[in-house]
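The structure file protein08.tsv is reproduced below (TSV, C-alpha atoms).
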```tsv
chain	number	residue	atom	x	y	z
G	136	MET	CA	10.98	-13.30	16.99
G	137	THR	CA	9.97	-12.20	13.50
G	138	THR	CA	7.34	-9.60	14.27
G	139	VAL	CA	6.81	-6.60	12.01
G	140	GLU	CA	5.91	-3.25	13.55
G	141	PHE	CA	4.91	0.13	12.17
G	142	ALA	CA	4.91	3.01	14.64
G	143	ASP	CA	3.07	6.05	13.24
G	144	VAL	CA	4.71	5.57	9.81
G	145	SER	CA	4.10	8.04	7.00
G	146	LYS	CA	5.46	8.25	3.47
G	147	HIS	CA	4.94	11.42	1.44
G	148	TYR	CA	5.68	12.05	-2.22
G	149	GLY	CA	5.43	15.80	-2.43
G	150	ASP	CA	1.88	16.67	-1.42
G	151	VAL	CA	0.72	13.05	-1.79
G	152	ARG	CA	0.47	11.09	1.46
G	153	ALA	CA	0.85	7.54	0.19
G	154	VAL	CA	1.00	6.21	3.77
G	155	ASP	CA	-0.43	8.41	6.49
G	156	GLY	CA	0.29	7.68	10.14
G	157	VAL	CA	0.02	3.88	10.03
G	158	SER	CA	0.60	1.84	13.19
G	159	LEU	CA	0.32	-1.95	13.27
G	160	ARG	CA	2.02	-5.09	14.56
G	161	VAL	CA	2.16	-8.43	12.74
G	162	GLU	CA	2.94	-11.30	15.08
G	163	THR	CA	5.46	-14.10	14.57
G	164	GLY	CA	4.16	-16.70	12.12
G	165	GLU	CA	1.10	-14.64	11.24
G	166	PHE	CA	-0.25	-14.26	7.71
G	167	ALA	CA	-1.42	-10.67	7.33
G	168	THR	CA	-2.87	-9.13	4.20
G	169	ILE	CA	-2.79	-5.43	3.30
G	170	LEU	CA	-5.97	-4.85	1.34
G	171	GLY	CA	-7.30	-1.80	-0.44
G	172	PRO	CA	-8.16	-0.20	-3.77
G	173	SER	CA	-5.58	1.10	-6.24
G	174	GLY	CA	-3.73	4.08	-4.80
G	175	SER	CA	-4.53	3.20	-1.18
G	176	GLY	CA	-0.87	2.79	-0.18
G	177	LYS	CA	-0.59	-1.02	-0.14
G	178	THR	CA	2.53	-1.38	-2.28
G	179	THR	CA	4.15	1.61	-0.59
G	180	MET	CA	3.78	-0.15	2.77
G	181	LEU	CA	5.42	-3.28	1.35
G	182	SER	CA	8.25	-1.17	-0.10
G	183	LEU	CA	8.81	0.42	3.32
G	184	ILE	CA	9.08	-2.99	4.99
G	185	ALA	CA	11.43	-4.30	2.30
G	186	GLY	CA	13.64	-1.20	2.44
G	187	ILE	CA	12.99	-0.25	-1.17
G	188	ALA	CA	11.66	3.08	0.13
G	189	GLY	CA	12.27	4.97	3.35
G	190	PRO	CA	9.56	6.52	5.53
G	191	THR	CA	9.06	10.27	5.82
G	192	SER	CA	8.40	9.78	9.52
G	193	GLY	CA	7.83	7.01	12.04
G	194	ALA	CA	9.71	3.80	12.83
G	195	ILE	CA	9.74	0.26	11.38
G	196	LYS	CA	10.88	-2.80	13.33
G	197	ILE	CA	11.43	-6.39	12.22
G	198	GLY	CA	11.89	-8.92	15.00
G	199	GLY	CA	12.18	-6.09	17.50
G	200	ARG	CA	15.11	-4.56	15.61
G	201	ASP	CA	14.77	-1.03	14.28
G	202	VAL	CA	15.27	-1.26	10.51
G	203	THR	CA	13.93	2.19	9.63
G	204	ASN	CA	17.23	3.31	8.12
G	205	LEU	CA	18.64	-0.07	7.07
G	206	LYS	CA	19.24	-0.87	3.39
G	207	ALA	CA	17.13	-3.55	1.76
G	208	ALA	CA	20.10	-5.93	1.59
G	209	ASP	CA	20.49	-5.81	5.37
G	210	ARG	CA	16.89	-6.73	6.26
G	211	ASN	CA	16.76	-10.46	5.37
G	212	VAL	CA	13.38	-10.12	3.70
G	213	GLY	CA	12.01	-12.45	1.02
G	214	LEU	CA	9.99	-10.68	-1.67
G	215	VAL	CA	7.77	-12.18	-4.37
G	216	PHE	CA	6.76	-9.81	-7.16
G	217	GLN	CA	3.56	-9.84	-9.20
G	218	SER	CA	5.62	-10.25	-12.39
G	219	TYR	CA	7.69	-13.15	-10.90
G	220	ALA	CA	10.92	-11.31	-11.98
G	221	LEU	CA	12.67	-14.56	-12.96
G	222	PHE	CA	15.86	-14.40	-15.02
G	223	PRO	CA	14.85	-15.84	-18.43
G	224	HIS	CA	18.39	-16.96	-19.36
G	225	MET	CA	18.83	-18.97	-16.14
G	226	THR	CA	17.48	-22.40	-15.28
G	227	VAL	CA	14.96	-22.82	-12.48
G	228	ALA	CA	17.71	-24.08	-10.16
G	229	ASP	CA	19.96	-21.11	-10.97
G	230	ASN	CA	17.10	-18.68	-10.38
G	231	VAL	CA	16.47	-20.18	-6.96
G	232	ALA	CA	20.20	-20.27	-6.18
G	233	PHE	CA	20.75	-16.61	-7.10
G	234	PRO	CA	20.10	-15.03	-3.66
G	235	LEU	CA	22.40	-17.61	-2.07
G	236	ARG	CA	25.21	-16.84	-4.50
G	237	VAL	CA	24.83	-13.12	-3.78
G	238	ARG	CA	25.27	-13.98	-0.09
G	239	ARG	CA	28.34	-16.09	-0.96
G	240	VAL	CA	26.97	-19.31	0.48
G	241	ALA	CA	29.16	-22.39	-0.09
G	242	LYS	CA	28.38	-24.39	-3.25
G	243	LEU	CA	27.46	-27.61	-1.46
G	244	GLU	CA	25.06	-25.75	0.81
G	245	ILE	CA	23.55	-23.93	-2.18
G	246	ALA	CA	22.80	-27.24	-3.89
G	247	ALA	CA	21.17	-28.65	-0.75
G	248	ARG	CA	19.07	-25.53	-0.10
G	249	VAL	CA	17.91	-25.26	-3.73
G	250	LYS	CA	16.83	-28.91	-3.68
G	251	GLU	CA	14.95	-28.35	-0.42
G	252	ALA	CA	13.24	-25.17	-1.66
G	253	LEU	CA	12.11	-26.75	-4.94
G	254	ALA	CA	10.75	-29.74	-3.03
G	255	LEU	CA	8.73	-27.41	-0.82
G	256	VAL	CA	6.95	-26.00	-3.89
G	257	ARG	CA	6.74	-29.44	-5.58
G	258	LEU	CA	9.10	-28.55	-8.44
G	259	GLU	CA	12.05	-30.80	-7.60
G	260	ASP	CA	12.05	-32.29	-11.12
G	261	TYR	CA	12.04	-28.91	-12.89
G	262	GLY	CA	15.45	-27.57	-11.87
G	263	GLN	CA	17.01	-27.69	-15.34
G	264	ARG	CA	14.13	-26.04	-17.18
G	265	LYS	CA	14.01	-22.40	-18.22
G	266	PRO	CA	11.18	-20.12	-17.01
G	267	SER	CA	9.76	-20.02	-20.55
G	268	GLN	CA	9.15	-23.79	-20.31
G	269	LEU	CA	6.91	-23.41	-17.27
G	270	SER	CA	3.29	-22.47	-16.79
G	271	GLY	CA	2.35	-19.27	-14.98
G	272	GLY	CA	1.57	-21.17	-11.80
G	273	GLN	CA	4.90	-23.00	-11.93
G	274	GLN	CA	6.78	-19.74	-12.47
G	275	GLN	CA	5.07	-18.26	-9.43
G	276	ARG	CA	6.13	-21.26	-7.36
G	277	VAL	CA	9.72	-20.80	-8.55
G	278	ALA	CA	9.52	-17.19	-7.38
G	279	LEU	CA	8.29	-18.44	-4.00
G	280	ALA	CA	11.16	-20.93	-3.78
G	281	ARG	CA	13.67	-18.17	-4.55
G	282	ALA	CA	12.13	-15.97	-1.84
G	283	ILE	CA	12.39	-18.62	0.89
G	284	VAL	CA	15.64	-20.38	-0.06
G	285	PHE	CA	17.83	-18.06	2.03
G	286	LYS	CA	15.54	-18.45	5.08
G	287	PRO	CA	14.29	-14.87	5.39
G	288	ASP	CA	12.87	-13.46	8.61
G	289	ILE	CA	9.68	-12.43	6.82
G	290	LEU	CA	8.05	-13.08	3.46
G	291	LEU	CA	6.47	-10.27	1.44
G	292	LEU	CA	4.04	-11.04	-1.40
G	293	ASP	CA	3.15	-8.26	-3.84
G	294	GLU	CA	-0.06	-9.21	-5.68
G	295	PRO	CA	1.35	-12.74	-6.17
G	296	LEU	CA	-1.70	-14.14	-7.97
G	297	ALA	CA	-2.75	-11.19	-10.12
G	298	ALA	CA	-1.22	-12.53	-13.35
G	299	LEU	CA	-2.87	-15.95	-13.10
G	300	ASP	CA	-6.24	-17.10	-14.41
G	301	ARG	CA	-8.97	-18.04	-11.95
G	302	LYS	CA	-8.24	-21.78	-11.72
G	303	LEU	CA	-4.50	-21.22	-11.35
G	304	ARG	CA	-5.12	-18.52	-8.72
G	305	GLU	CA	-7.08	-21.03	-6.64
G	306	ASP	CA	-4.36	-23.69	-6.99
G	307	VAL	CA	-1.44	-21.36	-6.18
G	308	ARG	CA	-3.43	-19.75	-3.35
G	309	ALA	CA	-3.70	-23.18	-1.75
G	310	GLU	CA	0.04	-23.72	-2.31
G	311	ILE	CA	0.92	-20.42	-0.62
G	312	HIS	CA	-1.33	-21.13	2.34
G	313	SER	CA	0.09	-24.63	2.83
G	314	LEU	CA	3.69	-23.47	2.44
G	315	GLN	CA	3.28	-20.58	4.88
G	316	ARG	CA	1.76	-22.88	7.49
G	317	ARG	CA	4.49	-25.49	7.09
G	318	LEU	CA	7.31	-22.95	7.36
G	319	GLY	CA	5.65	-20.82	10.04
G	320	ILE	CA	7.13	-17.74	8.42
G	321	THR	CA	5.70	-14.30	9.17
G	322	THR	CA	4.05	-13.22	5.91
G	323	LEU	CA	2.58	-9.98	4.59
G	324	MET	CA	0.70	-9.96	1.32
G	325	VAL	CA	-0.57	-7.01	-0.70
G	326	THR	CA	-3.71	-7.51	-2.76
G	327	HIS	CA	-6.84	-5.78	-3.97
G	328	ASP	CA	-8.65	-9.13	-4.22
G	329	GLN	CA	-11.06	-9.60	-1.33
G	330	ASP	CA	-11.34	-13.37	-1.85
G	331	GLU	CA	-7.58	-13.79	-1.49
G	332	ALA	CA	-7.46	-11.67	1.64
G	333	LEU	CA	-10.42	-13.36	3.33
G	334	SER	CA	-9.32	-16.92	2.54
G	335	LEU	CA	-5.58	-16.68	3.26
G	336	SER	CA	-5.18	-14.29	6.15
G	337	ASP	CA	-5.05	-14.51	9.91
G	338	ARG	CA	-5.68	-10.76	9.91
G	339	ILE	CA	-6.36	-8.15	7.26
G	340	VAL	CA	-5.34	-4.50	7.19
G	341	VAL	CA	-7.85	-2.47	5.16
G	342	LEU	CA	-6.35	0.72	3.71
G	343	ASP	CA	-7.91	3.71	2.01
G	344	GLN	CA	-5.97	6.80	0.92
G	345	GLY	CA	-2.96	5.76	3.00
G	346	ARG	CA	-4.89	5.35	6.24
G	347	VAL	CA	-5.86	2.21	8.11
G	348	GLN	CA	-9.62	1.72	8.13
G	349	GLN	CA	-9.66	-1.53	10.10
G	350	ILE	CA	-7.26	-4.22	11.36
G	351	ASP	CA	-9.08	-7.40	12.25
G	352	THR	CA	-9.62	-11.06	11.52
G	353	PRO	CA	-11.27	-11.63	8.12
G	354	PHE	CA	-14.45	-12.88	9.81
G	355	THR	CA	-14.81	-9.83	12.05
G	356	ALA	CA	-13.93	-7.31	9.35
G	357	TYR	CA	-16.49	-8.86	7.01
G	358	HIS	CA	-19.36	-9.25	9.46
G	359	GLN	CA	-18.60	-6.32	11.75
G	360	PRO	CA	-17.03	-3.62	9.56
G	361	ARG	CA	-15.89	-0.49	11.33
G	362	ASN	CA	-17.26	1.87	8.69
G	363	ARG	CA	-19.12	1.99	5.40
G	364	PHE	CA	-15.92	1.90	3.33
G	365	VAL	CA	-14.84	-1.43	4.84
G	366	ALA	CA	-18.34	-2.86	4.46
G	367	GLY	CA	-18.48	-1.89	0.79
G	368	PHE	CA	-14.94	-2.96	-0.06
G	369	LEU	CA	-15.16	-6.42	1.51
G	370	GLY	CA	-17.78	-7.85	-0.79
G	371	LEU	CA	-21.29	-6.69	-1.58
G	372	ALA	CA	-23.54	-5.10	1.01
G	373	ASN	CA	-27.04	-3.70	1.24
G	374	PHE	CA	-26.84	-0.33	2.98
G	375	LEU	CA	-29.96	0.51	4.95
G	376	GLU	CA	-29.78	4.24	5.64
G	377	GLY	CA	-32.45	5.62	7.91
G	378	GLU	CA	-33.66	6.29	11.43
G	379	LEU	CA	-33.43	3.63	14.11
G	380	GLU	CA	-36.72	3.04	15.87
G	381	THR	CA	-36.87	0.79	18.90
G	382	GLN	CA	-39.83	-1.50	19.40
G	383	GLY	CA	-39.39	-3.11	22.78
G	384	SER	CA	-36.39	-5.45	22.67
G	385	THR	CA	-36.15	-5.24	18.88
G	386	ALA	CA	-35.58	-2.43	16.42
G	387	VAL	CA	-36.27	-1.41	12.86
G	388	ILE	CA	-34.61	1.00	10.46
G	389	ARG	CA	-37.08	3.44	8.96
G	390	LEU	CA	-35.81	4.20	5.46
G	391	LYS	CA	-36.57	7.39	3.54
G	392	SER	CA	-38.67	5.18	1.26
G	393	GLY	CA	-40.92	4.50	4.24
G	394	ASP	CA	-39.91	0.84	4.62
G	395	ALA	CA	-39.35	-0.36	8.19
G	396	LEU	CA	-36.66	-3.07	8.01
G	397	ALA	CA	-35.97	-5.27	11.02
G	398	CYS	CA	-32.48	-5.10	12.51
G	399	GLY	CA	-32.74	-7.17	15.70
G	400	PRO	CA	-31.88	-6.09	19.24
G	401	SER	CA	-30.82	-2.46	19.30
G	402	ARG	CA	-27.08	-1.84	19.67
G	403	SER	CA	-27.59	1.90	19.50
G	404	THR	CA	-29.87	4.64	20.71
G	405	ALA	CA	-32.53	5.90	18.34
G	406	GLY	CA	-31.24	8.13	15.58
G	407	ALA	CA	-29.58	8.06	12.17
G	408	VAL	CA	-27.96	4.70	11.36
G	409	CYS	CA	-26.66	2.71	8.42
G	410	GLY	CA	-27.49	-0.98	8.56
G	411	VAL	CA	-25.19	-3.39	6.71
G	412	LEU	CA	-26.98	-6.48	5.39
G	413	ARG	CA	-24.95	-8.96	3.34
G	414	PRO	CA	-26.74	-10.34	0.24
G	415	GLU	CA	-26.05	-13.94	1.26
G	416	ASP	CA	-28.04	-13.32	4.46
G	417	VAL	CA	-31.15	-12.43	2.45
G	418	GLY	CA	-33.52	-15.29	1.62
G	419	ILE	CA	-35.87	-15.13	-1.34
G	420	VAL	CA	-39.33	-16.69	-1.65
G	421	ASN	CA	-41.03	-17.02	-5.03
G	422	GLY	CA	-44.58	-15.75	-5.20
G	423	GLY	CA	-44.36	-13.20	-2.38
G	424	GLY	CA	-45.90	-13.42	1.03
G	425	GLY	CA	-44.36	-14.84	4.18
G	426	GLY	CA	-41.30	-12.60	4.05
G	427	LEU	CA	-40.41	-9.34	5.70
G	428	VAL	CA	-40.76	-7.30	2.51
G	429	SER	CA	-41.97	-7.94	-1.01
G	430	GLY	CA	-41.04	-6.73	-4.48
G	431	LYS	CA	-40.14	-7.70	-8.04
G	432	VAL	CA	-36.97	-9.18	-9.47
G	433	ARG	CA	-35.30	-6.46	-11.53
G	434	GLU	CA	-32.21	-8.44	-12.50
G	435	SER	CA	-30.73	-11.89	-11.94
G	436	VAL	CA	-27.10	-12.90	-12.44
G	437	PHE	CA	-26.12	-16.58	-12.70
G	438	PHE	CA	-22.80	-17.59	-11.07
G	439	GLY	CA	-22.98	-21.35	-11.47
G	440	GLU	CA	-23.16	-22.29	-7.81
G	441	SER	CA	-25.50	-19.41	-6.94
G	442	VAL	CA	-27.75	-16.67	-8.31
G	443	ARG	CA	-27.68	-12.99	-7.37
G	444	TYR	CA	-30.99	-11.13	-7.53
G	445	ALA	CA	-31.65	-7.40	-7.50
G	446	VAL	CA	-35.14	-6.95	-6.07
G	447	THR	CA	-37.04	-3.67	-6.22
G	448	LEU	CA	-39.36	-3.35	-3.25
G	449	ASP	CA	-42.88	-2.02	-3.60
G	450	SER	CA	-41.58	1.31	-2.26
G	451	GLY	CA	-38.87	1.53	-4.97
G	452	PHE	CA	-35.94	0.69	-2.63
G	453	GLU	CA	-33.66	-2.08	-3.93
G	454	LEU	CA	-32.13	-5.01	-2.09
G	455	ILE	CA	-29.61	-7.60	-3.30
G	456	ALA	CA	-30.06	-11.28	-2.43
G	457	HIS	CA	-27.36	-13.86	-3.18
G	458	VAL	CA	-29.00	-17.29	-3.15
G	459	PRO	CA	-27.05	-20.60	-3.18
G	460	GLY	CA	-28.12	-23.34	-5.55
G	461	SER	CA	-28.74	-22.86	-9.24
G	462	ARG	CA	-31.20	-25.55	-10.33
G	463	SER	CA	-33.84	-22.88	-10.90
G	464	LYS	CA	-33.66	-19.20	-11.74
G	465	LEU	CA	-36.45	-16.70	-11.20
G	466	PRO	CA	-37.34	-14.57	-14.22
G	467	GLU	CA	-37.17	-10.80	-14.23
G	468	GLY	CA	-40.45	-9.32	-13.04
G	469	ALA	CA	-41.21	-12.24	-10.72
G	470	HIS	CA	-42.97	-11.31	-7.47
G	471	VAL	CA	-40.94	-12.40	-4.46
G	472	ALA	CA	-40.70	-11.95	-0.71
G	473	LEU	CA	-37.41	-11.30	1.05
G	474	GLU	CA	-36.53	-12.36	4.57
G	475	TRP	CA	-33.51	-12.33	6.86
G	476	GLU	CA	-32.57	-12.84	10.47
G	477	PRO	CA	-32.79	-9.34	12.01
G	478	ASP	CA	-29.59	-9.80	14.00
G	479	ARG	CA	-27.67	-10.23	10.70
G	480	VAL	CA	-27.98	-6.44	10.19
G	481	TRP	CA	-24.82	-4.72	11.49
G	482	LEU	CA	-25.42	-1.15	12.60
G	483	LEU	CA	-23.07	1.74	11.79
G	484	PRO	CA	-23.54	5.44	12.54
G	485	GLY	CA	-25.65	7.15	9.89
G	486	GLU	CA	-24.26	9.78	7.55
G	487	ALA	CA	-24.74	13.35	8.69
```

Represent the structure of the file as structure tokens.
Amino acid sequence: MTTVEFADVSKHYGDVRAVDGVSLRVETGEFATILGPSGSGKTTMLSLIAGIAGPTSGAIKIGGRDVTNLKAADRNVGLVFQSYALFPHMTVADNVAFPLRVRRVAKLEIAARVKEALALVRLEDYGQRKPSQLSGGQQQRVALARAIVFKPDILLLDEPLAALDRKLREDVRAEIHSLQRRLGITTLMVTHDQDEALSLSDRIVVLDQGRVQQIDTPFTAYHQPRNRFVAGFLGLANFLEGELETQGSTAVIRLKSGDALACGPSRSTAGAVCGVLRPEDVGIVNGGGGGLVSGKVRESVFFGESVRYAVTLDSGFELIAHVPGSRSKLPEGAHVALEWEPDRVWLLPGEA
């Protein structure tokens, strides 16, 4: 078993509660991502698992073994840093071999394990190069090889793609996903990048100010956020604040602007609600008419494969629509109609 467990773990730095009463369990072979804004406690949680820092209270277990008070060297944890942390004076092979030499593994076994680890990250022909002779993506793969060469119980990734450009991030992200699946190693990654978390993870842990906001599959956390923070942090969202009014088997949200926006079958009693409507669920029709609401395009942003429109309704309320396809682009000021499937609106309690 290579599970990771937090039982009511807190870490305080003076009056600052970097981690505040966190409980979670990562299952064997699972890829879990700790996601949150800067200062939310992500890296502190990784440091607590690695043994770089000790908790103020609570217990940490790896594979069912209590490691709360164990030193980092006694935890058998592989760690990949954002900065790669490769030794510039060593060759790639020597960098990968370093953790084995520290553990006093026999030379013949070191050679075999280094060869195997470099093959796993497709760098078997780069062993005699120095880090300075590699691209950023190759250096990151060397760091991955070094982290797995001693067969750790768990793998920890601290913002592993942050230093790479967009194309390299996509390539290395695919490498990490493939490698993790092949090895079946329990993995925890820290990131502030929603795309990384949603595309790589079996589950995500959303943090804010040291507290867990939601632990769920990426799909559920995105489409059924527990609160407004999660909804806003995991991509863009239209927030429909107002009063829920039932109309038979369906319902609408009556905004302060006066708009009545459909939200499908009621999952709540009438009262103050906040509807979450993702921009990609909003369709746009040029010329107005035929949609649920109408307005004018205030702004359009071209993304290559799609266009994002900010549309000001006749009432003055604004909605965002993210439309796939980019062969045509509506001009600012164009009259449009917006439509969506009412059951795509996820209802949260309204703000008091």

Fewer than 5 positions away in the same chain doesn't count, so skip those; otherwise give me all residues within 8 Å of segment 228-245 of chain G, counting all atoms listed in the file, as a PDB file with C-alpha atoms, keeping the file's coordinate frame.
```
ATOM      1  CA  LEU G 221      12.670 -14.560 -12.960  1.00  0.00           C
ATOM      2  CA  PHE G 222      15.860 -14.400 -15.020  1.00  0.00           C
ATOM      3  CA  ALA G 252      13.240 -25.170  -1.660  1.00  0.00           C
ATOM      4  CA  TYR G 261      12.040 -28.910 -12.890  1.00  0.00           C
ATOM      5  CA  GLY G 262      15.450 -27.570 -11.870  1.00  0.00           C
ATOM      6  CA  GLN G 263      17.010 -27.690 -15.340  1.00  0.00           C
ATOM      7  CA  VAL G 277       9.720 -20.800  -8.550  1.00  0.00           C
ATOM      8  CA  ALA G 278       9.520 -17.190  -7.380  1.00  0.00           C
ATOM      9  CA  ALA G 280      11.160 -20.930  -3.780  1.00  0.00           C
ATOM     10  CA  ARG G 281      13.670 -18.170  -4.550  1.00  0.00           C
ATOM     11  CA  ALA G 282      12.130 -15.970  -1.840  1.00  0.00           C
ATOM     12  CA  VAL G 284      15.640 -20.380  -0.060  1.00  0.00           C
ATOM     13  CA  PHE G 285      17.830 -18.060   2.030  1.00  0.00           C
TER      14      PHE G 285
END
```

Quiz item: Hey, what's within 12 Å of segment 184-188 of chain G if we count only C-alpha atoms and toss same-chain stuff fewer than 6 positions away? As a count of residues only, please?
Solution: 46

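Using only C-alpha atoms, the shortest contact distance between Trp481 of chain G and any of G:Glu376, G:Glu467, G:Asp337, G:Glu434 is found at G:Glu376.
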
Quiz item: Which one is closest to Tyr357 of chain G: G:Val442, G:Leu279, G:Leu303, G:Ala372? Count all atoms listed in the file.
Solution: G:Ala372

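Those DNA, RNA and protein residues that approach the point (-8.6, -9.1, 10.6) to within 9 Å, considering all atoms listed in the file, are Ala167, Thr168, Leu333, Ser336, Asp337, Arg338, Ile339, Val340, Val341, Gln349, Ile350, Asp351, Thr352, Pro353, Phe354, Thr355, Ala356 and Tyr357 of chain G.
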
Please save C-alpha atoms of the selected residues as an mmCIF file, in the coordinates of the input.
```cif
data_model
loop_
_atom_site.group_PDB
_atom_site.id
_atom_site.type_symbol
_atom_site.label_atom_id
_atom_site.label_comp_id
_atom_site.auth_asym_id
_atom_site.auth_seq_id
_atom_site.Cartn_x
_atom_site.Cartn_y
_atom_site.Cartn_z
ATOM 1 C CA ALA G 167 -1.420 -10.670 7.330
ATOM 2 C CA THR G 168 -2.870 -9.130 4.200
ATOM 3 C CA LEU G 333 -10.420 -13.360 3.330
ATOM 4 C CA SER G 336 -5.180 -14.290 6.150
ATOM 5 C CA ASP G 337 -5.050 -14.510 9.910
ATOM 6 C CA ARG G 338 -5.680 -10.760 9.910
ATOM 7 C CA ILE G 339 -6.360 -8.150 7.260
ATOM 8 C CA VAL G 340 -5.340 -4.500 7.190
ATOM 9 C CA VAL G 341 -7.850 -2.470 5.160
ATOM 10 C CA GLN G 349 -9.660 -1.530 10.100
ATOM 11 C CA ILE G 350 -7.260 -4.220 11.360
ATOM 12 C CA ASP G 351 -9.080 -7.400 12.250
ATOM 13 C CA THR G 352 -9.620 -11.060 11.520
ATOM 14 C CA PRO G 353 -11.270 -11.630 8.120
ATOM 15 C CA PHE G 354 -14.450 -12.880 9.810
ATOM 16 C CA THR G 355 -14.810 -9.830 12.050
ATOM 17 C CA ALA G 356 -13.930 -7.310 9.350
ATOM 18 C CA TYR G 357 -16.490 -8.860 7.010
#
```

Practice problem: Could you jot down the atom CA of Leu371 of chain G to atom CA of Val347 of chain G separation for me, Å, one decimal place? | Solution: 20.3 Å

Can you list, as an mmCIF file with C-alpha atoms, in the frame of the given file, every protein, DNA or RNA residue that comes within 8 Å of Glu380 of chain G when you count all atoms listed in the file, leaving out same-chain residues fewer than 3 positions away?
```
data_model
loop_
_atom_site.group_PDB
_atom_site.id
_atom_site.type_symbol
_atom_site.label_atom_id
_atom_site.label_comp_id
_atom_site.auth_asym_id
_atom_site.auth_seq_id
_atom_site.Cartn_x
_atom_site.Cartn_y
_atom_site.Cartn_z
ATOM 1 C CA ALA G 386 -35.580 -2.430 16.420
ATOM 2 C CA VAL G 387 -36.270 -1.410 12.860
ATOM 3 C CA ILE G 388 -34.610 1.000 10.460
ATOM 4 C CA ARG G 389 -37.080 3.440 8.960
ATOM 5 C CA ALA G 405 -32.530 5.900 18.340
ATOM 6 C CA GLY G 406 -31.240 8.130 15.580
#
```

Quiz item: Of the candidates G:Ser334, G:Thr137, G:Glu440, G:Leu390, which one gets nearest to Lys286 of chain G if we count all atoms listed in the file?
Solution: G:Thr137

Please rebuild segment 370-384 of chain G with N, CA and C atoms and give the result as an mmCIF file, in the coordinates of the input.
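Everything below was put into selection_34.cif:
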```
data_model
loop_
_atom_site.group_PDB
_atom_site.id
_atom_site.type_symbol
_atom_site.label_atom_id
_atom_site.label_comp_id
_atom_site.auth_asym_id
_atom_site.auth_seq_id
_atom_site.Cartn_x
_atom_site.Cartn_y
_atom_site.Cartn_z
ATOM 1 N N GLY G 370 -16.619 -7.193 -0.239
ATOM 2 C CA GLY G 370 -17.780 -7.850 -0.790
ATOM 3 C C GLY G 370 -18.957 -6.904 -0.960
ATOM 4 N N LEU G 371 -20.087 -7.479 -1.371
ATOM 5 C CA LEU G 371 -21.290 -6.690 -1.580
ATOM 6 C C LEU G 371 -22.030 -6.482 -0.264
ATOM 7 N N ALA G 372 -22.750 -5.372 -0.183
ATOM 8 C CA ALA G 372 -23.540 -5.100 1.010
ATOM 9 C C ALA G 372 -24.769 -4.283 0.629
ATOM 10 N N ASN G 373 -25.871 -4.571 1.300
ATOM 11 C CA ASN G 373 -27.040 -3.700 1.240
ATOM 12 C C ASN G 373 -26.892 -2.664 2.350
ATOM 13 N N PHE G 374 -26.950 -1.393 1.991
ATOM 14 C CA PHE G 374 -26.840 -0.330 2.980
ATOM 15 C C PHE G 374 -28.233 0.216 3.281
ATOM 16 N N LEU G 375 -28.630 0.098 4.521
ATOM 17 C CA LEU G 375 -29.960 0.510 4.950
ATOM 18 C C LEU G 375 -29.836 1.810 5.735
ATOM 19 N N GLU G 376 -29.910 2.920 5.027
ATOM 20 C CA GLU G 376 -29.780 4.240 5.640
ATOM 21 C C GLU G 376 -31.140 4.721 6.144
ATOM 22 N N GLY G 377 -31.184 5.120 7.402
ATOM 23 C CA GLY G 377 -32.450 5.620 7.910
ATOM 24 C C GLY G 377 -32.389 5.930 9.390
ATOM 25 N N GLU G 378 -33.547 5.995 10.009
ATOM 26 C CA GLU G 378 -33.660 6.290 11.430
ATOM 27 C C GLU G 378 -33.951 5.000 12.199
ATOM 28 N N LEU G 379 -33.222 4.807 13.280
ATOM 29 C CA LEU G 379 -33.430 3.630 14.110
ATOM 30 C C LEU G 379 -34.622 3.881 15.035
ATOM 31 N N GLU G 380 -35.554 2.953 14.998
ATOM 32 C CA GLU G 380 -36.720 3.040 15.870
ATOM 33 C C GLU G 380 -36.772 1.783 16.728
ATOM 34 N N THR G 381 -36.805 1.945 18.006
ATOM 35 C CA THR G 381 -36.870 0.790 18.900
ATOM 36 C C THR G 381 -38.310 0.372 19.115
ATOM 37 N N GLN G 382 -38.504 -0.931 19.160
ATOM 38 C CA GLN G 382 -39.830 -1.500 19.400
ATOM 39 C C GLN G 382 -39.677 -2.601 20.441
ATOM 40 N N GLY G 383 -39.648 -2.180 21.700
ATOM 41 C CA GLY G 383 -39.390 -3.110 22.780
ATOM 42 C C GLY G 383 -37.952 -3.577 22.763
ATOM 43 N N SER G 384 -37.756 -4.893 22.683
ATOM 44 C CA SER G 384 -36.390 -5.450 22.670
ATOM 45 C C SER G 384 -35.819 -5.528 21.259
#
```
